[in-house]
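*Asks:* Have a peek at data.json (JSON, C-alpha atoms).
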[["chain", "number", "residue", "atom", "x", "y", "z"],
["A", 984, "MET", "CA", -32.00, 5.77, -25.49],
["A", 985, "ALA", "CA", -33.62, 2.61, -24.41],
["A", 986, "SER", "CA", -31.54, 0.59, -22.04],
["A", 987, "GLN", "CA", -30.70, -3.00, -22.91],
["A", 988, "THR", "CA", -31.02, -5.84, -20.45],
["A", 989, "LEU", "CA", -28.28, -8.21, -19.44],
["A", 990, "ARG", "CA", -28.54, -11.97, -19.25],
["A", 991, "SER", "CA", -26.75, -13.73, -16.43],
["A", 992, "ARG", "CA", -24.44, -16.28, -18.04],
["A", 993, "ASN", "CA", -24.82, -18.88, -15.33],
["A", 994, "ASN", "CA", -28.60, -19.20, -15.16],
["A", 995, "GLY", "CA", -30.11, -17.05, -17.92],
["A", 996, "ARG", "CA", -32.13, -14.80, -15.61],
["A", 997, "ASP", "CA", -32.67, -11.11, -16.30],
["A", 998, "ALA", "CA", -30.02, -9.05, -14.56],
["A", 999, "GLU", "CA", -29.66, -5.35, -14.05],
["A", 1000, "PRO", "CA", -30.09, -2.90, -16.95],
["A", 1001, "THR", "CA", -27.01, -1.64, -18.74],
["A", 1002, "VAL", "CA", -25.94, 1.96, -18.44],
["A", 1003, "THR", "CA", -26.99, 4.14, -21.37],
["A", 1004, "LEU", "CA", -24.76, 6.65, -23.13],
["A", 1005, "GLU", "CA", -26.53, 9.55, -21.44],
["A", 1006, "GLN", "CA", -25.98, 7.93, -18.07],
["A", 1007, "ARG", "CA", -22.30, 7.39, -18.82],
["A", 1008, "LEU", "CA", -21.83, 11.05, -19.71],
["A", 1009, "SER", "CA", -23.66, 12.02, -16.54],
["A", 1010, "ASP", "CA", -21.43, 9.65, -14.55],
["A", 1011, "GLU", "CA", -18.34, 11.31, -16.03],
["A", 1012, "ALA", "CA", -19.52, 14.71, -14.85],
["A", 1013, "ARG", "CA", -20.58, 13.42, -11.42],
["A", 1014, "PHE", "CA", -17.28, 11.57, -10.96],
["A", 1015, "PHE", "CA", -15.23, 14.61, -11.97],
["A", 1016, "LYS", "CA", -17.12, 16.78, -9.49],
["A", 1017, "SER", "CA", -16.51, 14.24, -6.73],
["A", 1018, "TRP", "CA", -12.79, 14.24, -7.58],
["A", 1019, "LEU", "CA", -12.70, 18.05, -7.40],
["A", 1020, "ASP", "CA", -14.41, 17.99, -4.00],
["A", 1021, "ASN", "CA", -12.10, 15.35, -2.53],
["A", 1022, "PRO", "CA", -9.32, 14.06, -4.83],
["A", 1023, "LEU", "CA", -7.72, 11.86, -2.13],
["A", 1024, "VAL", "CA", -10.96, 9.92, -1.63],
["A", 1025, "THR", "CA", -12.11, 9.60, -5.25],
["A", 1026, "GLY", "CA", -8.60, 9.10, -6.64],
["A", 1027, "ALA", "CA", -9.52, 9.42, -10.36],
["A", 1028, "VAL", "CA", -11.14, 12.02, -12.58],
["A", 1029, "SER", "CA", -13.41, 9.53, -14.39],
["A", 1030, "PRO", "CA", -14.99, 6.11, -13.78],
["A", 1031, "SER", "CA", -13.20, 2.95, -14.84],
["A", 1032, "GLY", "CA", -13.53, 2.15, -18.53],
["A", 1033, "ARG", "CA", -15.32, -0.90, -19.90],
["A", 1034, "ALA", "CA", -12.11, -2.69, -20.86],
["A", 1035, "LEU", "CA", -10.67, -2.33, -17.34],
["A", 1036, "ALA", "CA", -13.99, -3.34, -15.76],
["A", 1037, "ARG", "CA", -14.14, -6.50, -17.90],
["A", 1038, "MET", "CA", -10.53, -7.31, -17.03],
["A", 1039, "MET", "CA", -11.32, -7.13, -13.30],
["A", 1040, "ALA", "CA", -14.47, -9.22, -13.66],
["A", 1041, "ARG", "CA", -12.52, -11.85, -15.60],
["A", 1042, "TYR", "CA", -10.51, -12.72, -12.48],
["A", 1043, "VAL", "CA", -13.61, -13.43, -10.36],
["A", 1044, "ASP", "CA", -13.98, -17.20, -10.00],
["A", 1045, "LEU", "CA", -17.72, -17.91, -10.03],
["A", 1046, "SER", "CA", -17.16, -21.43, -8.70],
["A", 1047, "VAL", "CA", -15.91, -20.18, -5.32],
["A", 1048, "PRO", "CA", -18.91, -19.95, -2.96],
["A", 1049, "GLY", "CA", -19.77, -16.88, -0.92],
["A", 1050, "PRO", "CA", -20.56, -13.19, -1.39],
["A", 1051, "ILE", "CA", -18.46, -10.91, -3.59],
["A", 1052, "VAL", "CA", -17.51, -7.61, -1.94],
["A", 1053, "GLU", "CA", -16.78, -4.61, -4.13],
["A", 1054, "LEU", "CA", -14.92, -1.67, -2.59],
["A", 1055, "GLY", "CA", -15.31, 1.84, -3.96],
["A", 1056, "PRO", "CA", -17.77, 1.05, -6.79],
["A", 1057, "GLY", "CA", -18.35, 4.74, -7.59],
["A", 1058, "THR", "CA", -20.98, 4.95, -10.32],
["A", 1059, "GLY", "CA", -20.94, 1.19, -10.93],
["A", 1060, "PRO", "CA", -18.96, 0.35, -14.10],
["A", 1061, "ILE", "CA", -17.25, -2.63, -12.45],
["A", 1062, "THR", "CA", -20.52, -3.69, -10.81],
["A", 1063, "GLU", "CA", -22.04, -3.80, -14.28],
["A", 1064, "ALA", "CA", -19.12, -5.87, -15.57],
["A", 1065, "LEU", "CA", -19.48, -8.32, -12.68],
["A", 1066, "LEU", "CA", -23.15, -8.83, -13.51],
["A", 1067, "GLN", "CA", -22.28, -9.33, -17.17],
["A", 1068, "HIS", "CA", -19.63, -11.86, -16.09],
["A", 1069, "GLY", "CA", -22.40, -13.91, -14.49],
["A", 1070, "VAL", "CA", -22.34, -12.83, -10.83],
["A", 1071, "ALA", "CA", -25.84, -13.07, -9.35],
["A", 1072, "PRO", "CA", -26.98, -9.66, -7.97],
["A", 1073, "GLU", "CA", -27.76, -11.13, -4.54],
["A", 1074, "ARG", "CA", -24.10, -12.17, -4.18],
["A", 1075, "LEU", "CA", -22.80, -8.62, -4.50],
["A", 1076, "ILE", "CA", -22.09, -6.32, -1.54],
["A", 1077, "LEU", "CA", -21.00, -2.82, -2.53],
["A", 1078, "ILE", "CA", -19.18, -0.62, 0.01],
["A", 1079, "GLU", "CA", -19.11, 3.03, -1.02],
["A", 1080, "PHE", "CA", -18.07, 6.06, 1.03],
["A", 1081, "ASP", "CA", -19.80, 8.79, -1.01],
["A", 1082, "PRO", "CA", -23.52, 9.08, -0.07],
["A", 1083, "ASP", "CA", -24.49, 10.41, -3.52],
["A", 1084, "PHE", "CA", -22.85, 7.43, -5.22],
["A", 1085, "CYS", "CA", -24.70, 5.13, -2.79],
["A", 1086, "LYS", "CA", -28.06, 6.59, -3.85],
["A", 1087, "LEU", "CA", -27.13, 6.21, -7.51],
["A", 1088, "LEU", "CA", -26.04, 2.59, -7.04],
["A", 1089, "LYS", "CA", -29.26, 1.68, -5.23],
["A", 1090, "ARG", "CA", -31.32, 3.12, -8.09],
["A", 1091, "ARG", "CA", -29.22, 1.52, -10.78],
["A", 1092, "PHE", "CA", -28.79, -1.91, -9.14],
["A", 1093, "PRO", "CA", -31.82, -2.44, -6.86],
["A", 1094, "ALA", "CA", -31.11, -6.15, -6.31],
["A", 1095, "VAL", "CA", -27.55, -5.49, -5.10],
["A", 1096, "ARG", "CA", -26.77, -4.68, -1.45],
["A", 1097, "VAL", "CA", -25.18, -1.26, -1.05],
["A", 1098, "VAL", "CA", -23.43, -0.26, 2.18],
["A", 1099, "GLN", "CA", -22.32, 3.29, 2.92],
["A", 1100, "GLY", "CA", -19.09, 3.07, 4.89],
["A", 1101, "ASP", "CA", -15.32, 3.31, 4.97],
["A", 1102, "ALA", "CA", -13.78, 0.47, 2.95],
["A", 1103, "TYR", "CA", -10.33, 1.14, 4.47],
["A", 1104, "HIS", "CA", -11.81, -0.10, 7.77],
["A", 1105, "LEU", "CA", -13.47, -3.07, 6.13],
["A", 1106, "ARG", "CA", -13.98, -5.31, 9.12],
["A", 1107, "GLN", "CA", -15.45, -2.52, 11.23],
["A", 1108, "THR", "CA", -17.81, -1.52, 8.40],
["A", 1109, "LEU", "CA", -19.08, -5.05, 7.77],
["A", 1110, "ASP", "CA", -19.50, -5.79, 11.50],
["A", 1111, "HIS", "CA", -21.60, -2.69, 12.15],
["A", 1112, "PRO", "CA", -24.76, -3.59, 14.16],
["A", 1113, "THR", "CA", -27.08, -1.91, 11.63],
["A", 1114, "LEU", "CA", -26.04, -4.36, 8.94],
["A", 1115, "ALA", "CA", -27.37, -7.38, 10.87],
["A", 1116, "ASN", "CA", -24.35, -9.54, 10.11],
["A", 1117, "ILE", "CA", -24.43, -8.91, 6.35],
["A", 1118, "LEU", "CA", -21.44, -11.21, 5.80],
["A", 1119, "LYS", "CA", -22.86, -14.43, 7.24],
["A", 1120, "VAL", "CA", -20.42, -16.68, 5.36],
["A", 1121, "PRO", "CA", -16.85, -15.99, 4.20],
["A", 1122, "ALA", "CA", -16.61, -13.92, 1.03],
["A", 1123, "ALA", "CA", -15.48, -15.48, -2.24],
["A", 1124, "CYS", "CA", -13.39, -12.47, -3.25],
["A", 1125, "VAL", "CA", -12.95, -8.72, -2.79],
["A", 1126, "VAL", "CA", -12.88, -6.47, -5.85],
["A", 1127, "SER", "CA", -11.35, -3.08, -5.12],
["A", 1128, "SER", "CA", -11.28, 0.20, -7.05],
["A", 1129, "LEU", "CA", -9.87, 2.15, -4.11],
["A", 1130, "PRO", "CA", -7.02, 4.62, -4.84],
["A", 1131, "LEU", "CA", -4.44, 2.68, -2.82],
["A", 1132, "LEU", "CA", -1.49, 4.72, -4.04],
["A", 1133, "ASN", "CA", -2.93, 7.71, -2.17],
["A", 1134, "LYS", "CA", -2.47, 5.85, 1.12],
["A", 1135, "PRO", "CA", 0.65, 4.88, 3.13],
["A", 1136, "GLU", "CA", 2.03, 1.38, 2.63],
["A", 1137, "GLU", "CA", 0.97, 0.31, 6.13],
["A", 1138, "GLN", "CA", -2.66, 1.22, 5.40],
["A", 1139, "ARG", "CA", -2.60, -0.65, 2.10],
["A", 1140, "LEU", "CA", -1.21, -3.76, 3.77],
["A", 1141, "SER", "CA", -3.76, -3.47, 6.58],
["A", 1142, "LEU", "CA", -6.59, -3.34, 4.03],
["A", 1143, "LEU", "CA", -5.25, -6.46, 2.32],
["A", 1144, "GLU", "CA", -5.06, -8.34, 5.61],
["A", 1145, "GLU", "CA", -8.58, -7.26, 6.63],
["A", 1146, "ALA", "CA", -9.94, -8.34, 3.26],
["A", 1147, "PHE", "CA", -8.44, -11.82, 3.60],
["A", 1148, "SER", "CA", -9.77, -12.10, 7.14],
["A", 1149, "CYS", "CA", -13.26, -11.84, 5.58],
["A", 1150, "MET", "CA", -12.64, -14.51, 2.94],
["A", 1151, "GLY", "CA", -12.35, -18.26, 2.80],
["A", 1152, "PRO", "CA", -9.14, -20.15, 1.89],
["A", 1153, "GLN", "CA", -9.82, -19.78, -1.86],
["A", 1154, "GLY", "CA", -10.46, -16.05, -1.62],
["A", 1155, "SER", "CA", -8.71, -13.47, -3.78],
["A", 1156, "PHE", "CA", -8.23, -9.72, -3.63],
["A", 1157, "ILE", "CA", -8.56, -8.01, -7.03],
["A", 1158, "GLN", "CA", -7.23, -4.46, -7.33],
["A", 1159, "PHE", "CA", -6.53, -2.20, -10.29],
["A", 1160, "THR", "CA", -3.89, 0.49, -10.43],
["A", 1161, "TYR", "CA", -2.60, 3.13, -12.82],
["A", 1162, "GLY", "CA", 0.92, 2.56, -11.51],
["A", 1163, "LEU", "CA", 3.52, 0.26, -13.07],
["A", 1164, "MET", "CA", 4.17, -1.74, -9.90],
["A", 1165, "SER", "CA", 2.02, -3.63, -7.43],
["A", 1166, "PRO", "CA", -0.01, -1.14, -5.32],
["A", 1167, "VAL", "CA", 0.87, -3.22, -2.26],
["A", 1168, "PRO", "CA", 4.68, -3.58, -2.51],
["A", 1169, "ARG", "CA", 5.68, -7.16, -3.19],
["A", 1170, "ASN", "CA", 8.34, -7.16, -0.48],
["A", 1171, "ARG", "CA", 5.56, -6.51, 2.06],
["A", 1172, "VAL", "CA", 3.50, -9.54, 0.98],
["A", 1173, "THR", "CA", 6.27, -12.08, 0.32],
["A", 1174, "GLY", "CA", 5.63, -15.32, 2.19],
["A", 1175, "ARG", "CA", 2.07, -14.30, 3.06],
["A", 1176, "PHE", "CA", 0.35, -13.50, -0.24],
["A", 1177, "THR", "CA", 1.10, -13.95, -3.92],
["A", 1178, "ALA", "CA", 0.70, -11.01, -6.31],
["A", 1179, "THR", "CA", -0.06, -11.67, -9.98],
["A", 1180, "PRO", "CA", -0.48, -8.88, -12.57],
["A", 1181, "SER", "CA", -2.79, -8.88, -15.57],
["A", 1182, "PRO", "CA", -1.80, -7.67, -19.03],
["A", 1183, "SER", "CA", -1.88, -3.89, -19.34],
["A", 1184, "VAL", "CA", -5.28, -2.45, -20.26],
["A", 1185, "TRP", "CA", -4.23, 0.07, -22.92],
["A", 1186, "PHE", "CA", -7.79, 0.98, -23.87],
["A", 1187, "ASN", "CA", -8.42, 2.47, -20.44],
["A", 1188, "LEU", "CA", -7.70, 6.16, -19.89],
["A", 1189, "PRO", "CA", -5.17, 6.28, -18.34],
["A", 1190, "PRO", "CA", -3.83, 2.76, -19.07],
["A", 1191, "ALA", "CA", -4.16, 0.48, -16.06],
["A", 1192, "ARG", "CA", -3.35, -3.00, -14.81],
["A", 1193, "VAL", "CA", -5.14, -5.45, -12.52],
["A", 1194, "TRP", "CA", -3.33, -7.19, -9.64],
["A", 1195, "VAL", "CA", -4.68, -10.36, -8.06],
["A", 1196, "TYR", "CA", -3.55, -11.30, -4.54],
["A", 1197, "ARG", "CA", -4.03, -14.75, -3.07],
["A", 1198, "ARG", "CA", -2.93, -16.47, 0.10],
["A", 1199, "PHE", "CA", 0.52, -17.96, -0.02],
["A", 1200, "ALA", "CA", 0.48, -21.73, 0.56],
["A", 1201, "GLY", "CA", 0.43, -22.29, 4.34],
["A", 1202, "SER", "CA", 0.34, -18.58, 5.19],
["A", 1203, "SER", "CA", -3.21, -18.78, 6.53],
["A", 1204, "GLN", "CA", -1.93, -21.00, 9.35],
["A", 1205, "ARG", "CA", 0.93, -18.72, 10.30],
["A", 1206, "PRO", "CA", 0.22, -17.00, 13.63],
["A", 1207, "ALA", "CA", 0.07, -13.23, 13.74],
["A", 1208, "LYS", "CA", 2.75, -13.27, 16.45],
["A", 1209, "ILE", "CA", 5.27, -14.47, 13.88],
["A", 1210, "HIS", "CA", 4.64, -11.35, 11.79],
["A", 1211, "ASP", "CA", 5.08, -9.17, 14.88],
["A", 1212, "LEU", "CA", 8.37, -10.92, 15.65],
["A", 1213, "LEU", "CA", 9.62, -10.40, 12.10],
["A", 1214, "GLY", "CA", 8.69, -6.72, 12.35],
["A", 1215, "ARG", "CA", 10.67, -6.36, 15.58],
["A", 1216, "LEU", "CA", 13.66, -8.12, 14.02],
["A", 1217, "ARG", "CA", 13.58, -5.71, 11.09],
["A", 1218, "SER", "CA", 13.46, -2.76, 13.49],
["A", 1219, "GLY", "CA", 16.37, -4.20, 15.49],
["A", 1220, "LYS", "CA", 18.42, -4.63, 12.32],
["A", 1221, "ALA", "CA", 17.90, -0.98, 11.42],
["A", 1222, "LYS", "CA", 19.01, 0.09, 14.92],
["A", 1223, "VAL", "CA", 22.17, -2.03, 14.70],
["A", 1224, "GLN", "CA", 23.00, -0.41, 11.36],
["A", 1225, "ARG", "CA", 22.56, 3.08, 12.83],
["A", 1226, "ASP", "CA", 24.74, 2.24, 15.85],
["A", 1227, "PHE", "CA", 27.44, 0.76, 13.63],
["A", 1228, "LYS", "CA", 27.43, 3.89, 11.46],
["A", 1229, "ARG", "CA", 27.88, 6.10, 14.53],
["A", 1230, "GLU", "CA", 30.75, 3.95, 15.80],
["A", 1231, "PHE", "CA", 32.40, 4.03, 12.38],
["A", 1232, "GLU", "CA", 32.16, 7.83, 12.20],
["A", 1233, "ALA", "CA", 33.65, 8.15, 15.69],
["A", 1234, "ALA", "CA", 36.54, 5.83, 14.78],
["A", 1235, "ARG", "CA", 37.24, 7.77, 11.61],
["A", 1236, "GLU", "CA", 37.36, 11.07, 13.51],
["A", 1237, "TRP", "CA", 39.82, 9.50, 15.98],
["A", 1238, "LEU", "CA", 42.08, 8.28, 13.17],
["A", 1239, "ASN", "CA", 42.03, 11.70, 11.53],
["A", 1240, "PHE", "CA", 43.13, 13.30, 14.81],
["A", 1241, "ALA", "CA", 45.72, 10.67, 15.66],
["A", 1242, "GLY", "CA", 47.25, 10.99, 12.19],
["A", 1243, "ARG", "CA", 48.42, 14.50, 13.00],
["A", 1244, "PHE", "CA", 51.14, 13.00, 15.31],
["A", 1245, "LYS", "CA", 53.66, 10.24, 14.88],
["A", 1246, "VAL", "CA", 52.38, 6.81, 15.76],
["A", 1247, "GLY", "CA", 53.21, 5.85, 19.34],
["A", 1248, "ARG", "CA", 53.64, 9.38, 20.68],
["A", 1249, "LEU", "CA", 50.05, 9.75, 21.96],
["A", 1250, "LYS", "CA", 48.62, 8.05, 24.99],
["A", 1251, "PRO", "CA", 45.74, 5.59, 24.38],
["A", 1252, "VAL", "CA", 42.47, 7.46, 24.86],
["A", 1253, "SER", "CA", 38.84, 7.15, 23.82],
["A", 1254, "PRO", "CA", 37.65, 8.85, 20.60],
["A", 1255, "HIS", "CA", 35.31, 11.06, 22.62],
["A", 1256, "THR", "CA", 38.18, 12.43, 24.74],
["A", 1257, "ALA", "CA", 40.35, 12.90, 21.67],
["A", 1258, "GLN", "CA", 37.86, 15.35, 20.22],
["A", 1259, "GLN", "CA", 38.20, 17.75, 23.17],
["A", 1260, "PRO", "CA", 40.44, 20.84, 22.61],
["A", 1261, "ALA", "CA", 41.82, 20.62, 26.19],
["A", 1262, "TYR", "CA", 43.16, 17.13, 25.49],
["A", 1263, "ALA", "CA", 44.86, 18.28, 22.28],
["A", 1264, "LYS", "CA", 46.63, 21.17, 24.08],
["A", 1265, "GLN", "CA", 47.71, 18.83, 26.88],
["A", 1266, "GLU", "CA", 49.26, 16.39, 24.41],
["A", 1267, "ILE", "CA", 51.16, 19.12, 22.60],
["A", 1268, "LYS", "CA", 52.50, 20.41, 25.92],
["A", 1269, "ARG", "CA", 53.50, 16.87, 26.93],
["A", 1270, "LEU", "CA", 55.43, 16.46, 23.70],
["A", 1271, "GLY", "CA", 57.42, 19.57, 24.47],
["A", 1272, "GLY", "CA", 55.39, 22.29, 22.89],
["A", 1273, "THR", "CA", 54.94, 23.20, 19.26],
["A", 1274, "ARG", "CA", 58.69, 23.71, 18.71],
["A", 1275, "HIS", "CA", 59.47, 20.08, 19.59],
["A", 1276, "ALA", "CA", 56.28, 18.45, 18.27],
["A", 1277, "ASP", "CA", 56.65, 16.31, 15.17],
["A", 1278, "VAL", "CA", 53.58, 17.90, 13.56],
["A", 1279, "CYS", "CA", 51.83, 21.13, 14.50],
["A", 1280, "PHE", "CA", 48.32, 20.64, 15.77],
["A", 1281, "ASP", "CA", 45.67, 21.90, 13.30],
["A", 1282, "ARG", "CA", 48.31, 23.03, 10.78],
["A", 1283, "GLY", "CA", 49.31, 19.71, 9.30],
["A", 1284, "ARG", "CA", 52.99, 20.76, 8.82],
["A", 1285, "ARG", "CA", 56.29, 20.69, 10.76],
["A", 1286, "PRO", "CA", 57.10, 23.75, 12.96]]
Could you show the structure in this file as structure tokens?

*Replies:*
Amino acid sequence: MASQTLRSRNNGRDAEPTVTLEQRLSDEARFFKSWLDNPLVTGAVSPSGRALARMMARYVDLSVPGPIVELGPGTGPITEALLQHGVAPERLILIEFDPDFCKLLKRRFPAVRVVQGDAYHLRQTLDHPTLANILKVPAACVVSSLPLLNKPEEQRLSLLEEAFSCMGPQGSFIQFTYGLMSPVPRNRVTGRFTATPSPSVWFNLPPARVWVYRRFAGSSQRPAKIHDLLGRLRSGKAKVQRDFKREFEAAREWLNFAGRFKVGRLKPVSPHTAQQPAYAKQEIKRLGGTRHADVCFDRGRRP
């Protein structure tokens, strides 16, 4: 099947060839094999569908200057959608972990820069000496197909922060997910980034949704030390809650023990001492033994 050519919407130049039906079927098989080999890295059993790829490309603002970084392009369905959207090939930087996918992307999109590396360590990958400072100016946006839900929350948040450190003030982070909620929990980005969902893409298999993250107004000027301080305050709050719970449990145990005798008959003593068997026997003896005690110890009834 002869491949059709794309026309870049912004300047009318010939772009990269579309992917034929045979290539798509081959991509499905290659993607499924990659998922079988390492499901935590690939994260899906098939490439993103056309509808999802177009939805992601729709959120790329072509007016924002700078390169466009795509993370985890796989076999290139979203790369193709970005080119159809009007992104010039020389603006694209693809970061892919799988070496076989890298070879495929270089053959399929020869005018696009392909980097083999770990997208979860984005800054370290882009700053590698062999790349000769590939990101010379701040990026316009980062488009991610990484399986974030396979990673801990801290790693997802770290990726988001690294991505924004590579972008200018108008930058955006575009991520799709098969989950119902934001892949980076909203409570972790409140006050720093905004998170906006797209309509559900029902024609994708499985159905998916695109989330767009942007800097919160004024958050780019907030020092990192403030975030560290907030983290320490949250940790301190959790410790206070644990200590209070322990004190409450100790007080309850003391009340349970003290309730076995009439109020005012026992000497004031700490809850820790009250839990000792020797103390209990001493108190019973002081009260005149079990025959004269108001309540029998550990029986809960009168002698």

*Asks:* Could you pull the residues within 12 Å of segment 1127-1130 of chain A, counting all atoms listed in the file, minus those fewer than 6 positions along the same chain, as a PDB file with C-alpha atoms, in the frame of the given file?

*Replies:*
ATOM      1  CA  TRP A1018     -12.790  14.240  -7.580  1.00  0.00           C
ATOM      2  CA  PRO A1022      -9.320  14.060  -4.830  1.00  0.00           C
ATOM      3  CA  LEU A1023      -7.720  11.860  -2.130  1.00  0.00           C
ATOM      4  CA  VAL A1024     -10.960   9.920  -1.630  1.00  0.00           C
ATOM      5  CA  THR A1025     -12.110   9.600  -5.250  1.00  0.00           C
ATOM      6  CA  GLY A1026      -8.600   9.100  -6.640  1.00  0.00           C
ATOM      7  CA  ALA A1027      -9.520   9.420 -10.360  1.00  0.00           C
ATOM      8  CA  VAL A1028     -11.140  12.020 -12.580  1.00  0.00           C
ATOM      9  CA  PRO A1030     -14.990   6.110 -13.780  1.00  0.00           C
ATOM     10  CA  SER A1031     -13.200   2.950 -14.840  1.00  0.00           C
ATOM     11  CA  GLY A1032     -13.530   2.150 -18.530  1.00  0.00           C
ATOM     12  CA  LEU A1035     -10.670  -2.330 -17.340  1.00  0.00           C
ATOM     13  CA  ALA A1036     -13.990  -3.340 -15.760  1.00  0.00           C
ATOM     14  CA  MET A1039     -11.320  -7.130 -13.300  1.00  0.00           C
ATOM     15  CA  ALA A1040     -14.470  -9.220 -13.660  1.00  0.00           C
ATOM     16  CA  VAL A1043     -13.610 -13.430 -10.360  1.00  0.00           C
ATOM     17  CA  ILE A1051     -18.460 -10.910  -3.590  1.00  0.00           C
ATOM     18  CA  VAL A1052     -17.510  -7.610  -1.940  1.00  0.00           C
ATOM     19  CA  GLU A1053     -16.780  -4.610  -4.130  1.00  0.00           C
ATOM     20  CA  LEU A1054     -14.920  -1.670  -2.590  1.00  0.00           C
ATOM     21  CA  GLY A1055     -15.310   1.840  -3.960  1.00  0.00           C
ATOM     22  CA  PRO A1056     -17.770   1.050  -6.790  1.00  0.00           C
ATOM     23  CA  GLY A1057     -18.350   4.740  -7.590  1.00  0.00           C
ATOM     24  CA  THR A1058     -20.980   4.950 -10.320  1.00  0.00           C
ATOM     25  CA  GLY A1059     -20.940   1.190 -10.930  1.00  0.00           C
ATOM     26  CA  PRO A1060     -18.960   0.350 -14.100  1.00  0.00           C
ATOM     27  CA  ILE A1061     -17.250  -2.630 -12.450  1.00  0.00           C
ATOM     28  CA  THR A1062     -20.520  -3.690 -10.810  1.00  0.00           C
ATOM     29  CA  ILE A1076     -22.090  -6.320  -1.540  1.00  0.00           C
ATOM     30  CA  LEU A1077     -21.000  -2.820  -2.530  1.00  0.00           C
ATOM     31  CA  ILE A1078     -19.180  -0.620   0.010  1.00  0.00           C
ATOM     32  CA  GLU A1079     -19.110   3.030  -1.020  1.00  0.00           C
ATOM     33  CA  PHE A1080     -18.070   6.060   1.030  1.00  0.00           C
ATOM     34  CA  ASP A1101     -15.320   3.310   4.970  1.00  0.00           C
ATOM     35  CA  ALA A1102     -13.780   0.470   2.950  1.00  0.00           C
ATOM     36  CA  TYR A1103     -10.330   1.140   4.470  1.00  0.00           C
ATOM     37  CA  LEU A1105     -13.470  -3.070   6.130  1.00  0.00           C
ATOM     38  CA  GLN A1138      -2.660   1.220   5.400  1.00  0.00           C
ATOM     39  CA  ARG A1139      -2.600  -0.650   2.100  1.00  0.00           C
ATOM     40  CA  LEU A1142      -6.590  -3.340   4.030  1.00  0.00           C
ATOM     41  CA  LEU A1143      -5.250  -6.460   2.320  1.00  0.00           C
ATOM     42  CA  ALA A1146      -9.940  -8.340   3.260  1.00  0.00           C
ATOM     43  CA  SER A1155      -8.710 -13.470  -3.780  1.00  0.00           C
ATOM     44  CA  PHE A1156      -8.230  -9.720  -3.630  1.00  0.00           C
ATOM     45  CA  ILE A1157      -8.560  -8.010  -7.030  1.00  0.00           C
ATOM     46  CA  GLN A1158      -7.230  -4.460  -7.330  1.00  0.00           C
ATOM     47  CA  PHE A1159      -6.530  -2.200 -10.290  1.00  0.00           C
ATOM     48  CA  THR A1160      -3.890   0.490 -10.430  1.00  0.00           C
ATOM     49  CA  TYR A1161      -2.600   3.130 -12.820  1.00  0.00           C
ATOM     50  CA  GLY A1162       0.920   2.560 -11.510  1.00  0.00           C
ATOM     51  CA  PRO A1166      -0.010  -1.140  -5.320  1.00  0.00           C
ATOM     52  CA  VAL A1167       0.870  -3.220  -2.260  1.00  0.00           C
ATOM     53  CA  ALA A1191      -4.160   0.480 -16.060  1.00  0.00           C
ATOM     54  CA  ARG A1192      -3.350  -3.000 -14.810  1.00  0.00           C
ATOM     55  CA  VAL A1193      -5.140  -5.450 -12.520  1.00  0.00           C
ATOM     56  CA  TRP A1194      -3.330  -7.190  -9.640  1.00  0.00           C
ATOM     57  CA  VAL A1195      -4.680 -10.360  -8.060  1.00  0.00           C
ATOM     58  CA  TYR A1196      -3.550 -11.300  -4.540  1.00  0.00           C
TER      59      TYR A1196
END

*Asks:* Rounded to one decimal place, report the atom CA of Glu1063 of chain A-atom CA of Leu1088 of chain A distance in Å.

*Replies:*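 These atoms are spaced 10.5 Å apart.
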
*Asks:* So which one's closest to Ala1122 of chain A, A:Leu1066, A:Leu1163, A:Cys1149, A:Met1038? Using only C-alpha atoms, please.

*Replies:*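 Of A:Leu1066, A:Leu1163, A:Cys1149, A:Met1038, the one nearest Ala1122 of chain A is A:Cys1149, counting only C-alpha atoms.
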
*Asks:* With only C-alpha atoms as the atoms that count, which of A:Asn1133, A:Ser1165, A:Asn1170, A:Thr1113 lies nearest to Gln1099 of chain A?

*Replies:*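 Comparing A:Asn1133, A:Ser1165, A:Asn1170, A:Thr1113 against Gln1099 of chain A, the winner is A:Thr1113.
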